[in-house]
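Asker: First the structure, which I've put down as structure tokens, then a few questions once you've had a look.
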Amino acid sequence: MEKVAIVTGASRGIGRQIAKELARKQIQVIANYNNSEEAAYSLKQELEKENIEIDIFKADITKREEIKKLVQFVEKKYKKIDILINNAGISEYKMFTEETDEDWSKIINTNLYSAFAMTQEILPNMIHKKEGCIINISSIWGIVGASLEVLYSISKAGMNGMTKALAKELGPSNIRVNAIAPGIIETQMNNKFSQEEIKQIKEEIPLERIGNSSDIAKCVNWLIEDNYTTGQIISINGGWSIT
């Protein structure tokens, strides 16, 4: 049977491209979405034109009970979960002194708690069959931090720590855990930057361009196929954070 993958936040941006790339590799994709129903259905219809079937599943993955429903749907229909892509995330451009407890809860729950809870819920299935691949979509800001995006940076730094610790804990069960830390990528999330700001960022990047979602999806494919890489935070940023 083909591999089965859950991709969270799959209706737009990086998650959408990951879902498409995996489906085209004959992986059975369950594309999670919450608010972007129209975009999720358009993803399904786009792939149907290529004679590729995916499942789309609405779930607010900041809520444990909705995560359980998503995982139960997959286990009932496919009997297994081979791959989890923790991609769902939001950002906010705001002075740290203006952040509120509500901002903290929204960003940490969406970006970090969701990855924690999703991973907990799928692990019994992976541990039982002694095989699995978990890929967390982090960010360059989880490594170097970003002014005006402190809460986002905290959430992604936490994801990086979870990746490394879980890789050690799950290695004996033959479950690989890695993270991809993109630099600036052409997605709706980065529409907050002006054209002048984008130009300045490009000048700081050795490859002199910003990335696209396909750059990230290609790395996801490699991490799924490779069987000896775990606990790594892979920076895909055109050389922006060379140290």
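All residue names refer to the structure tokens as shown: chains lettered A, B, ... in order, residues numbered from 1 in each chain, ligands numbered from 1 in order.
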Apply DSSP to the structure's backbone, then extract all residues of range 19-230 of chain A labelled helix (DSSP H, G or I) and return them as an mmCIF file with N, CA and C atoms, in the first residue's frame.

Answerer:
```cif
data_model
loop_
_atom_site.group_PDB
_atom_site.id
_atom_site.type_symbol
_atom_site.label_atom_id
_atom_site.label_comp_id
_atom_site.auth_asym_id
_atom_site.auth_seq_id
_atom_site.Cartn_x
_atom_site.Cartn_y
_atom_site.Cartn_z
ATOM 1 N N ALA A 19 1.600 19.278 -0.154
ATOM 2 C CA ALA A 19 0.522 18.316 -0.430
ATOM 3 C C ALA A 19 0.528 17.889 -1.893
ATOM 4 N N LYS A 20 0.699 18.842 -2.798
ATOM 5 C CA LYS A 20 0.712 18.527 -4.230
ATOM 6 C C LYS A 20 1.911 17.647 -4.591
ATOM 7 N N GLU A 21 3.086 18.014 -4.086
ATOM 8 C CA GLU A 21 4.302 17.252 -4.418
ATOM 9 C C GLU A 21 4.189 15.814 -3.908
ATOM 10 N N LEU A 22 3.696 15.635 -2.691
ATOM 11 C CA LEU A 22 3.580 14.284 -2.141
ATOM 12 C C LEU A 22 2.552 13.467 -2.905
ATOM 13 N N ALA A 23 1.417 14.089 -3.212
ATOM 14 C CA ALA A 23 0.378 13.369 -3.954
ATOM 15 C C ALA A 23 0.887 12.923 -5.317
ATOM 16 N N ARG A 24 1.688 13.759 -5.942
ATOM 17 C CA ARG A 24 2.247 13.411 -7.250
ATOM 18 C C ARG A 24 3.305 12.320 -7.145
ATOM 19 N N GLU A 37 -11.679 26.838 3.472
ATOM 20 C CA GLU A 37 -12.398 25.726 2.833
ATOM 21 C C GLU A 37 -12.340 25.819 1.308
ATOM 22 N N GLU A 38 -12.558 26.995 0.780
ATOM 23 C CA GLU A 38 -12.548 27.164 -0.674
ATOM 24 C C GLU A 38 -11.189 26.789 -1.267
ATOM 25 N N ALA A 39 -10.125 27.220 -0.601
ATOM 26 C CA ALA A 39 -8.775 26.900 -1.078
ATOM 27 C C ALA A 39 -8.506 25.403 -0.986
ATOM 28 N N ALA A 40 -9.006 24.765 0.068
ATOM 29 C CA ALA A 40 -8.805 23.320 0.227
ATOM 30 C C ALA A 40 -9.507 22.551 -0.890
ATOM 31 N N TYR A 41 -10.739 22.943 -1.214
ATOM 32 C CA TYR A 41 -11.459 22.265 -2.290
ATOM 33 C C TYR A 41 -10.804 22.522 -3.646
ATOM 34 N N SER A 42 -10.254 23.715 -3.827
ATOM 35 C CA SER A 42 -9.574 23.993 -5.093
ATOM 36 C C SER A 42 -8.311 23.142 -5.230
ATOM 37 N N LEU A 43 -7.635 22.862 -4.119
ATOM 38 C CA LEU A 43 -6.489 21.961 -4.140
ATOM 39 C C LEU A 43 -6.925 20.567 -4.564
ATOM 40 N N LYS A 44 -7.994 20.080 -3.975
ATOM 41 C CA LYS A 44 -8.497 18.744 -4.315
ATOM 42 C C LYS A 44 -8.881 18.674 -5.791
ATOM 43 N N GLN A 45 -9.567 19.703 -6.281
ATOM 44 C CA GLN A 45 -9.999 19.730 -7.677
ATOM 45 C C GLN A 45 -8.812 19.844 -8.633
ATOM 46 N N GLU A 46 -7.800 20.610 -8.238
ATOM 47 C CA GLU A 46 -6.604 20.742 -9.082
ATOM 48 C C GLU A 46 -5.941 19.393 -9.284
ATOM 49 N N LEU A 47 -5.848 18.606 -8.227
ATOM 50 C CA LEU A 47 -5.204 17.302 -8.328
ATOM 51 C C LEU A 47 -6.099 16.283 -9.034
ATOM 52 N N GLU A 48 -7.405 16.418 -8.885
ATOM 53 C CA GLU A 48 -8.319 15.511 -9.589
ATOM 54 C C GLU A 48 -8.165 15.631 -11.101
ATOM 55 N N ARG A 64 -7.442 19.764 20.873
ATOM 56 C CA ARG A 64 -7.108 18.341 20.935
ATOM 57 C C ARG A 64 -8.239 17.470 20.387
ATOM 58 N N GLU A 65 -9.484 17.798 20.700
ATOM 59 C CA GLU A 65 -10.588 16.943 20.268
ATOM 60 C C GLU A 65 -10.722 16.918 18.748
ATOM 61 N N GLU A 66 -10.397 18.032 18.083
ATOM 62 C CA GLU A 66 -10.467 18.053 16.625
ATOM 63 C C GLU A 66 -9.283 17.312 16.001
ATOM 64 N N ILE A 67 -8.141 17.388 16.650
ATOM 65 C CA ILE A 67 -6.986 16.604 16.204
ATOM 66 C C ILE A 67 -7.314 15.118 16.281
ATOM 67 N N LYS A 68 -7.934 14.695 17.379
ATOM 68 C CA LYS A 68 -8.297 13.285 17.540
ATOM 69 C C LYS A 68 -9.223 12.824 16.412
ATOM 70 N N LYS A 69 -10.178 13.667 16.034
ATOM 71 C CA LYS A 69 -11.098 13.304 14.954
ATOM 72 C C LYS A 69 -10.353 13.140 13.632
ATOM 73 N N LEU A 70 -9.394 14.026 13.373
ATOM 74 C CA LEU A 70 -8.592 13.932 12.150
ATOM 75 C C LEU A 70 -7.802 12.633 12.124
ATOM 76 N N VAL A 71 -7.125 12.333 13.217
ATOM 77 C CA VAL A 71 -6.293 11.117 13.276
ATOM 78 C C VAL A 71 -7.169 9.868 13.195
ATOM 79 N N GLN A 72 -8.298 9.876 13.875
ATOM 80 C CA GLN A 72 -9.202 8.718 13.825
ATOM 81 C C GLN A 72 -9.736 8.482 12.418
ATOM 82 N N PHE A 73 -10.021 9.569 11.692
ATOM 83 C CA PHE A 73 -10.471 9.444 10.300
ATOM 84 C C PHE A 73 -9.407 8.726 9.458
ATOM 85 N N VAL A 74 -8.156 9.145 9.619
ATOM 86 C CA VAL A 74 -7.071 8.560 8.820
ATOM 87 C C VAL A 74 -6.852 7.099 9.200
ATOM 88 N N GLU A 75 -6.834 6.818 10.487
ATOM 89 C CA GLU A 75 -6.585 5.445 10.935
ATOM 90 C C GLU A 75 -7.721 4.504 10.510
ATOM 91 N N LYS A 76 -8.943 4.999 10.546
ATOM 92 C CA LYS A 76 -10.074 4.154 10.143
ATOM 93 C C LYS A 76 -10.040 3.871 8.646
ATOM 94 N N LYS A 77 -9.696 4.895 7.857
ATOM 95 C CA LYS A 77 -9.740 4.738 6.400
ATOM 96 C C LYS A 77 -8.497 4.019 5.857
ATOM 97 N N TYR A 78 -7.329 4.314 6.425
ATOM 98 C CA TYR A 78 -6.083 3.801 5.838
ATOM 99 C C TYR A 78 -5.304 2.857 6.741
ATOM 100 N N PHE A 96 7.045 43.982 20.517
ATOM 101 C CA PHE A 96 6.927 43.044 21.632
ATOM 102 C C PHE A 96 6.157 43.659 22.798
ATOM 103 N N THR A 97 6.369 44.942 23.049
ATOM 104 C CA THR A 97 5.694 45.610 24.167
ATOM 105 C C THR A 97 4.191 45.738 23.945
ATOM 106 N N GLU A 98 3.743 45.504 22.731
ATOM 107 C CA GLU A 98 2.312 45.591 22.426
ATOM 108 C C GLU A 98 1.638 44.221 22.364
ATOM 109 N N ASP A 101 -1.622 38.658 26.006
ATOM 110 C CA ASP A 101 -1.771 37.239 26.329
ATOM 111 C C ASP A 101 -2.549 36.515 25.232
ATOM 112 N N GLU A 102 -3.497 37.217 24.632
ATOM 113 C CA GLU A 102 -4.283 36.618 23.537
ATOM 114 C C GLU A 102 -3.391 36.352 22.320
ATOM 115 N N ASP A 103 -2.471 37.285 22.032
ATOM 116 C CA ASP A 103 -1.525 37.082 20.929
ATOM 117 C C ASP A 103 -0.653 35.855 21.207
ATOM 118 N N TRP A 104 -0.173 35.763 22.454
ATOM 119 C CA TRP A 104 0.665 34.624 22.844
ATOM 120 C C TRP A 104 -0.091 33.318 22.615
ATOM 121 N N SER A 105 -1.305 33.240 23.120
ATOM 122 C CA SER A 105 -2.085 32.007 23.000
ATOM 123 C C SER A 105 -2.338 31.648 21.539
ATOM 124 N N LYS A 106 -2.687 32.646 20.732
ATOM 125 C CA LYS A 106 -3.010 32.397 19.324
ATOM 126 C C LYS A 106 -1.799 31.849 18.570
ATOM 127 N N ILE A 107 -0.656 32.492 18.734
ATOM 128 C CA ILE A 107 0.526 32.089 17.964
ATOM 129 C C ILE A 107 1.137 30.801 18.500
ATOM 130 N N ILE A 108 1.289 30.695 19.800
ATOM 131 C CA ILE A 108 1.892 29.488 20.370
ATOM 132 C C ILE A 108 1.003 28.277 20.137
ATOM 133 N N ASN A 109 -0.300 28.441 20.293
ATOM 134 C CA ASN A 109 -1.199 27.304 20.071
ATOM 135 C C ASN A 109 -1.209 26.858 18.618
ATOM 136 N N THR A 110 -1.233 27.815 17.690
ATOM 137 C CA THR A 110 -1.282 27.459 16.264
ATOM 138 C C THR A 110 0.032 26.875 15.785
ATOM 139 N N ASN A 111 1.138 27.465 16.187
ATOM 140 C CA ASN A 111 2.435 27.076 15.649
ATOM 141 C C ASN A 111 3.106 25.937 16.408
ATOM 142 N N LEU A 112 2.954 25.921 17.728
ATOM 143 C CA LEU A 112 3.718 24.969 18.539
ATOM 144 C C LEU A 112 2.841 23.907 19.187
ATOM 145 N N TYR A 113 1.772 24.324 19.855
ATOM 146 C CA TYR A 113 0.901 23.329 20.484
ATOM 147 C C TYR A 113 0.352 22.354 19.448
ATOM 148 N N SER A 114 -0.010 22.859 18.283
ATOM 149 C CA SER A 114 -0.579 21.984 17.249
ATOM 150 C C SER A 114 0.399 20.885 16.857
ATOM 151 N N ALA A 115 1.682 21.238 16.736
ATOM 152 C CA ALA A 115 2.698 20.236 16.385
ATOM 153 C C ALA A 115 2.876 19.229 17.518
ATOM 154 N N PHE A 116 2.859 19.726 18.756
ATOM 155 C CA PHE A 116 2.959 18.855 19.932
ATOM 156 C C PHE A 116 1.797 17.866 19.971
ATOM 157 N N ALA A 117 0.578 18.377 19.850
ATOM 158 C CA ALA A 117 -0.598 17.520 19.987
ATOM 159 C C ALA A 117 -0.776 16.586 18.792
ATOM 160 N N MET A 118 -0.550 17.094 17.579
ATOM 161 C CA MET A 118 -0.643 16.235 16.391
ATOM 162 C C MET A 118 0.343 15.079 16.510
ATOM 163 N N THR A 119 1.561 15.389 16.911
ATOM 164 C CA THR A 119 2.595 14.354 17.015
ATOM 165 C C THR A 119 2.226 13.320 18.078
ATOM 166 N N GLN A 120 1.745 13.775 19.212
ATOM 167 C CA GLN A 120 1.309 12.838 20.252
ATOM 168 C C GLN A 120 0.234 11.888 19.739
ATOM 169 N N GLU A 121 -0.704 12.407 18.991
ATOM 170 C CA GLU A 121 -1.841 11.596 18.565
ATOM 171 C C GLU A 121 -1.485 10.574 17.488
ATOM 172 N N ILE A 122 -0.502 10.891 16.640
ATOM 173 C CA ILE A 122 -0.155 9.929 15.577
ATOM 174 C C ILE A 122 0.911 8.927 16.033
ATOM 175 N N LEU A 123 1.601 9.224 17.124
ATOM 176 C CA LEU A 123 2.731 8.372 17.506
ATOM 177 C C LEU A 123 2.377 6.929 17.837
ATOM 178 N N PRO A 124 1.277 6.637 18.522
ATOM 179 C CA PRO A 124 0.979 5.227 18.774
ATOM 180 C C PRO A 124 0.968 4.385 17.507
ATOM 181 N N ASN A 125 0.419 4.946 16.421
ATOM 182 C CA ASN A 125 0.381 4.225 15.149
ATOM 183 C C ASN A 125 1.789 3.964 14.626
ATOM 184 N N MET A 126 2.645 4.988 14.659
ATOM 185 C CA MET A 126 4.013 4.842 14.150
ATOM 186 C C MET A 126 4.846 3.912 15.032
ATOM 187 N N ILE A 127 4.694 4.049 16.343
ATOM 188 C CA ILE A 127 5.476 3.217 17.267
ATOM 189 C C ILE A 127 5.089 1.755 17.110
ATOM 190 N N HIS A 128 3.805 1.510 16.894
ATOM 191 C CA HIS A 128 3.323 0.130 16.731
ATOM 192 C C HIS A 128 3.986 -0.549 15.548
ATOM 193 N N LYS A 129 4.142 0.184 14.442
ATOM 194 C CA LYS A 129 4.745 -0.440 13.258
ATOM 195 C C LYS A 129 6.244 -0.178 13.139
ATOM 196 N N TRP A 141 13.578 32.292 11.555
ATOM 197 C CA TRP A 141 13.450 33.109 12.771
ATOM 198 C C TRP A 141 13.492 32.259 14.033
ATOM 199 N N GLY A 142 13.265 30.986 13.919
ATOM 200 C CA GLY A 142 13.436 30.100 15.064
ATOM 201 C C GLY A 142 14.895 29.859 15.388
ATOM 202 N N ILE A 143 15.772 30.215 14.465
ATOM 203 C CA ILE A 143 17.225 30.043 14.657
ATOM 204 C C ILE A 143 17.882 31.355 15.046
ATOM 205 N N VAL A 144 17.561 32.419 14.324
ATOM 206 C CA VAL A 144 18.259 33.695 14.552
ATOM 207 C C VAL A 144 17.374 34.753 15.206
ATOM 208 N N VAL A 150 8.633 38.445 17.658
ATOM 209 C CA VAL A 150 9.199 37.720 18.799
ATOM 210 C C VAL A 150 8.399 36.460 19.119
ATOM 211 N N LEU A 151 7.078 36.567 19.165
ATOM 212 C CA LEU A 151 6.270 35.391 19.501
ATOM 213 C C LEU A 151 6.399 34.308 18.430
ATOM 214 N N TYR A 152 6.427 34.719 17.185
ATOM 215 C CA TYR A 152 6.631 33.766 16.089
ATOM 216 C C TYR A 152 7.996 33.090 16.243
ATOM 217 N N SER A 153 9.020 33.871 16.556
ATOM 218 C CA SER A 153 10.368 33.321 16.739
ATOM 219 C C SER A 153 10.397 32.331 17.899
ATOM 220 N N ILE A 154 9.712 32.664 18.990
ATOM 221 C CA ILE A 154 9.632 31.752 20.133
ATOM 222 C C ILE A 154 8.983 30.429 19.715
ATOM 223 N N SER A 155 7.876 30.515 18.982
ATOM 224 C CA SER A 155 7.159 29.298 18.591
ATOM 225 C C SER A 155 8.021 28.397 17.717
ATOM 226 N N LYS A 156 8.781 28.995 16.809
ATOM 227 C CA LYS A 156 9.600 28.186 15.904
ATOM 228 C C LYS A 156 10.862 27.671 16.589
ATOM 229 N N ALA A 157 11.412 28.437 17.529
ATOM 230 C CA ALA A 157 12.542 27.935 18.316
ATOM 231 C C ALA A 157 12.096 26.735 19.149
ATOM 232 N N GLY A 158 10.881 26.812 19.690
ATOM 233 C CA GLY A 158 10.341 25.677 20.424
ATOM 234 C C GLY A 158 10.167 24.452 19.550
ATOM 235 N N MET A 159 9.729 24.670 18.320
ATOM 236 C CA MET A 159 9.581 23.567 17.377
ATOM 237 C C MET A 159 10.929 22.920 17.083
ATOM 238 N N ASN A 160 11.969 23.739 16.966
ATOM 239 C CA ASN A 160 13.308 23.195 16.720
ATOM 240 C C ASN A 160 13.775 22.352 17.888
ATOM 241 N N GLY A 161 13.530 22.820 19.113
ATOM 242 C CA GLY A 161 13.904 22.048 20.289
ATOM 243 C C GLY A 161 13.147 20.742 20.366
ATOM 244 N N MET A 162 11.861 20.778 20.063
ATOM 245 C CA MET A 162 11.050 19.566 20.052
ATOM 246 C C MET A 162 11.580 18.571 19.028
ATOM 247 N N THR A 163 11.981 19.076 17.870
ATOM 248 C CA THR A 163 12.502 18.215 16.804
ATOM 249 C C THR A 163 13.717 17.434 17.276
ATOM 250 N N LYS A 164 14.670 18.124 17.871
ATOM 251 C CA LYS A 164 15.913 17.471 18.299
ATOM 252 C C LYS A 164 15.662 16.474 19.425
ATOM 253 N N ALA A 165 14.850 16.884 20.411
ATOM 254 C CA ALA A 165 14.591 16.002 21.550
ATOM 255 C C ALA A 165 13.807 14.757 21.130
ATOM 256 N N LEU A 166 12.793 14.958 20.289
ATOM 257 C CA LEU A 166 11.983 13.822 19.839
ATOM 258 C C LEU A 166 12.783 12.856 18.982
ATOM 259 N N ALA A 167 13.693 13.390 18.177
ATOM 260 C CA ALA A 167 14.529 12.514 17.342
ATOM 261 C C ALA A 167 15.316 11.541 18.211
ATOM 262 N N LYS A 168 15.809 12.028 19.341
ATOM 263 C CA LYS A 168 16.549 11.151 20.266
ATOM 264 C C LYS A 168 15.621 10.127 20.906
ATOM 265 N N GLU A 169 14.443 10.570 21.293
ATOM 266 C CA GLU A 169 13.504 9.683 21.985
ATOM 267 C C GLU A 169 12.911 8.628 21.063
ATOM 268 N N LEU A 170 12.677 8.996 19.796
ATOM 269 C CA LEU A 170 11.975 8.098 18.883
ATOM 270 C C LEU A 170 12.890 7.297 17.963
ATOM 271 N N GLY A 171 14.175 7.608 17.984
ATOM 272 C CA GLY A 171 15.121 6.875 17.140
ATOM 273 C C GLY A 171 15.044 5.368 17.322
ATOM 274 N N PRO A 172 14.993 4.856 18.575
ATOM 275 C CA PRO A 172 14.906 3.400 18.754
ATOM 276 C C PRO A 172 13.655 2.775 18.152
ATOM 277 N N SER A 173 12.633 3.586 17.892
ATOM 278 C CA SER A 173 11.419 3.080 17.240
ATOM 279 C C SER A 173 11.458 3.275 15.729
ATOM 280 N N GLN A 188 1.624 34.003 1.020
ATOM 281 C CA GLN A 188 0.745 35.052 1.523
ATOM 282 C C GLN A 188 1.227 35.582 2.871
ATOM 283 N N MET A 189 1.860 34.717 3.671
ATOM 284 C CA MET A 189 2.334 35.127 4.988
ATOM 285 C C MET A 189 3.335 36.275 4.902
ATOM 286 N N ASN A 190 4.078 36.331 3.799
ATOM 287 C CA ASN A 190 5.112 37.351 3.665
ATOM 288 C C ASN A 190 4.667 38.551 2.833
ATOM 289 N N GLN A 195 7.726 46.101 -1.499
ATOM 290 C CA GLN A 195 8.653 45.776 -2.580
ATOM 291 C C GLN A 195 10.060 46.269 -2.250
ATOM 292 N N GLU A 196 10.156 47.416 -1.604
ATOM 293 C CA GLU A 196 11.469 47.936 -1.214
ATOM 294 C C GLU A 196 12.113 47.041 -0.161
ATOM 295 N N GLU A 197 11.334 46.549 0.774
ATOM 296 C CA GLU A 197 11.865 45.642 1.799
ATOM 297 C C GLU A 197 12.316 44.323 1.173
ATOM 298 N N ILE A 198 11.534 43.813 0.223
ATOM 299 C CA ILE A 198 11.925 42.582 -0.473
ATOM 300 C C ILE A 198 13.241 42.793 -1.214
ATOM 301 N N LYS A 199 13.381 43.940 -1.850
ATOM 302 C CA LYS A 199 14.612 44.261 -2.574
ATOM 303 C C LYS A 199 15.811 44.266 -1.612
ATOM 304 N N GLN A 200 15.634 44.856 -0.439
ATOM 305 C CA GLN A 200 16.708 44.901 0.543
ATOM 306 C C GLN A 200 17.067 43.514 1.055
ATOM 307 N N ILE A 201 16.029 42.684 1.260
ATOM 308 C CA ILE A 201 16.284 41.315 1.718
ATOM 309 C C ILE A 201 17.063 40.532 0.665
ATOM 310 N N LYS A 202 16.668 40.670 -0.597
ATOM 311 C CA LYS A 202 17.377 39.970 -1.675
ATOM 312 C C LYS A 202 18.861 40.334 -1.695
ATOM 313 N N GLU A 203 19.157 41.588 -1.389
ATOM 314 C CA GLU A 203 20.555 42.042 -1.386
ATOM 315 C C GLU A 203 21.365 41.395 -0.261
ATOM 316 N N GLU A 204 20.683 40.900 0.770
ATOM 317 C CA GLU A 204 21.354 40.239 1.885
ATOM 318 C C GLU A 204 21.545 38.745 1.653
ATOM 319 N N SER A 213 7.715 27.942 -2.625
ATOM 320 C CA SER A 213 7.216 26.782 -1.884
ATOM 321 C C SER A 213 7.767 25.464 -2.412
ATOM 322 N N SER A 214 8.057 25.413 -3.695
ATOM 323 C CA SER A 214 8.599 24.194 -4.282
ATOM 324 C C SER A 214 9.971 23.852 -3.707
ATOM 325 N N ASP A 215 10.752 24.876 -3.344
ATOM 326 C CA ASP A 215 12.058 24.631 -2.723
ATOM 327 C C ASP A 215 11.891 23.838 -1.428
ATOM 328 N N ILE A 216 10.865 24.159 -0.677
ATOM 329 C CA ILE A 216 10.621 23.472 0.592
ATOM 330 C C ILE A 216 10.058 22.074 0.345
ATOM 331 N N ALA A 217 9.132 21.967 -0.599
ATOM 332 C CA ALA A 217 8.520 20.672 -0.895
ATOM 333 C C ALA A 217 9.557 19.649 -1.375
ATOM 334 N N LYS A 218 10.541 20.109 -2.130
ATOM 335 C CA LYS A 218 11.595 19.193 -2.599
ATOM 336 C C LYS A 218 12.385 18.623 -1.422
ATOM 337 N N CYS A 219 12.637 19.456 -0.419
ATOM 338 C CA CYS A 219 13.359 18.984 0.768
ATOM 339 C C CYS A 219 12.510 17.994 1.554
ATOM 340 N N VAL A 220 11.208 18.243 1.633
ATOM 341 C CA VAL A 220 10.295 17.310 2.290
ATOM 342 C C VAL A 220 10.373 15.946 1.610
ATOM 343 N N ASN A 221 10.331 15.930 0.289
ATOM 344 C CA ASN A 221 10.434 14.671 -0.453
ATOM 345 C C ASN A 221 11.721 13.930 -0.120
ATOM 346 N N TRP A 222 12.823 14.669 -0.058
ATOM 347 C CA TRP A 222 14.108 14.042 0.251
ATOM 348 C C TRP A 222 14.109 13.446 1.652
ATOM 349 N N LEU A 223 13.578 14.192 2.622
ATOM 350 C CA LEU A 223 13.570 13.703 4.003
ATOM 351 C C LEU A 223 12.691 12.465 4.155
ATOM 352 N N ILE A 224 11.654 12.351 3.355
ATOM 353 C CA ILE A 224 10.814 11.155 3.394
ATOM 354 C C ILE A 224 11.564 9.960 2.823
ATOM 355 N N GLU A 225 12.288 10.174 1.743
ATOM 356 C CA GLU A 225 12.985 9.069 1.067
ATOM 357 C C GLU A 225 14.258 8.645 1.817
#
```

Asker: When you look at Ile185 in chain A with a cut-off of 7 Å (counting only C-alpha atoms), what residues show up, excluding the ones that are within fewer than 4 positions of it in the same chain? I need them as a ChimeraX atom specification.

Answerer: /A:210-213

Asker: Using only C-alpha atoms, find the one residue out of A:Asn178, A:Gly145, A:Val7, A:Arg12 that sits nearest to Ile85 in chain A.

Answerer: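 Selected residue with least distance to Ile85 in chain A: A:Val7.
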
Asker: Expressed in Å to a single decimal, how great is the separation between CA of Glu92 in chain A and CA of Ile140 in chain A?

Answerer: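 Taking CA of Glu92 in chain A as the start and CA of Ile140 in chain A as the end point, the length is 15.1 Å.
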
Asker: Excluding Asn136 in chain A and its own-chain neighbours fewer than 2 positions away, which residues fall within 7 Å of it when counting only C-alpha atoms? Please give them as a PDB file with C-alpha atoms, in the first residue's frame.

Answerer:
```
ATOM      1  CA  ILE A  85       4.040  17.238   8.167  1.00  0.00           C
ATOM      2  CA  ASN A  86       3.471  19.827  10.898  1.00  0.00           C
ATOM      3  CA  ASN A  87       3.145  22.853   8.656  1.00  0.00           C
ATOM      4  CA  ILE A 134       7.795  13.516  11.086  1.00  0.00           C
ATOM      5  CA  SER A 138       9.971  25.789  11.234  1.00  0.00           C
ATOM      6  CA  ASN A 178      13.445  16.607  11.275  1.00  0.00           C
ATOM      7  CA  ALA A 179      12.609  20.251  10.731  1.00  0.00           C
ATOM      8  CA  ILE A 180      12.917  22.527   7.731  1.00  0.00           C
TER       9      ILE A 180
END
```

Asker: So that I can check the secondary structure, give me every residue of range 168-239 of chain A assigned strand (DSSP E) by backbone DSSP, as a list in words.

Answerer: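 Everything in range 168-239 of chain A that counts as strand (DSSP E) is Ile175, Arg176, Val177, Asn178, Ala179, Ile180, Ala181, Pro182, Ile233, Ile234, Ser235 and Ile236 of chain A.
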
Asker: How would the residues just picked look written out with N, CA and C atoms as a PDB file, in the first residue's frame?

Answerer:
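To be explicit, this is the file written out as part_8.pdb:
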```pdb
ATOM      1  N   ILE A 175      11.687   5.984  14.050  1.00  0.00           N
ATOM      2  CA  ILE A 175      10.892   7.138  13.636  1.00  0.00           C
ATOM      3  C   ILE A 175      11.827   8.330  13.525  1.00  0.00           C
ATOM      4  N   ARG A 176      11.885   8.911  12.337  1.00  0.00           N
ATOM      5  CA  ARG A 176      12.778  10.050  12.090  1.00  0.00           C
ATOM      6  C   ARG A 176      12.019  11.357  12.263  1.00  0.00           C
ATOM      7  N   VAL A 177      12.671  12.312  12.918  1.00  0.00           N
ATOM      8  CA  VAL A 177      12.058  13.619  13.168  1.00  0.00           C
ATOM      9  C   VAL A 177      13.031  14.702  12.720  1.00  0.00           C
ATOM     10  N   ASN A 178      12.612  15.515  11.784  1.00  0.00           N
ATOM     11  CA  ASN A 178      13.445  16.607  11.275  1.00  0.00           C
ATOM     12  C   ASN A 178      12.608  17.869  11.128  1.00  0.00           C
ATOM     13  N   ALA A 179      13.296  18.986  10.983  1.00  0.00           N
ATOM     14  CA  ALA A 179      12.609  20.251  10.731  1.00  0.00           C
ATOM     15  C   ALA A 179      13.251  20.943   9.539  1.00  0.00           C
ATOM     16  N   ILE A 180      12.440  21.677   8.816  1.00  0.00           N
ATOM     17  CA  ILE A 180      12.917  22.527   7.731  1.00  0.00           C
ATOM     18  C   ILE A 180      12.683  23.967   8.167  1.00  0.00           C
ATOM     19  N   ALA A 181      13.730  24.783   8.092  1.00  0.00           N
ATOM     20  CA  ALA A 181      13.640  26.179   8.518  1.00  0.00           C
ATOM     21  C   ALA A 181      13.792  27.083   7.299  1.00  0.00           C
ATOM     22  N   PRO A 182      12.682  27.414   6.629  1.00  0.00           N
ATOM     23  CA  PRO A 182      12.771  28.271   5.438  1.00  0.00           C
ATOM     24  C   PRO A 182      13.196  29.692   5.801  1.00  0.00           C
ATOM     25  N   ILE A 233      17.824  20.384  11.758  1.00  0.00           N
ATOM     26  CA  ILE A 233      17.096  21.593  11.384  1.00  0.00           C
ATOM     27  C   ILE A 233      17.730  22.066  10.074  1.00  0.00           C
ATOM     28  N   ILE A 234      17.053  21.858   8.983  1.00  0.00           N
ATOM     29  CA  ILE A 234      17.630  22.113   7.661  1.00  0.00           C
ATOM     30  C   ILE A 234      17.222  23.502   7.190  1.00  0.00           C
ATOM     31  N   SER A 235      18.197  24.358   7.027  1.00  0.00           N
ATOM     32  CA  SER A 235      17.938  25.747   6.635  1.00  0.00           C
ATOM     33  C   SER A 235      17.905  25.863   5.119  1.00  0.00           C
ATOM     34  N   ILE A 236      16.770  26.297   4.590  1.00  0.00           N
ATOM     35  CA  ILE A 236      16.635  26.537   3.154  1.00  0.00           C
ATOM     36  C   ILE A 236      16.338  28.007   2.985  1.00  0.00           C
TER      37      ILE A 236
END
```

Asker: Kindly give the distance, in Å, that separates CA of Ile6 in chain A and CA of Ile30 in chain A, rounded to a single decimal.

Answerer: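 CA of Ile6 in chain A sits 4.8 Å away from CA of Ile30 in chain A.
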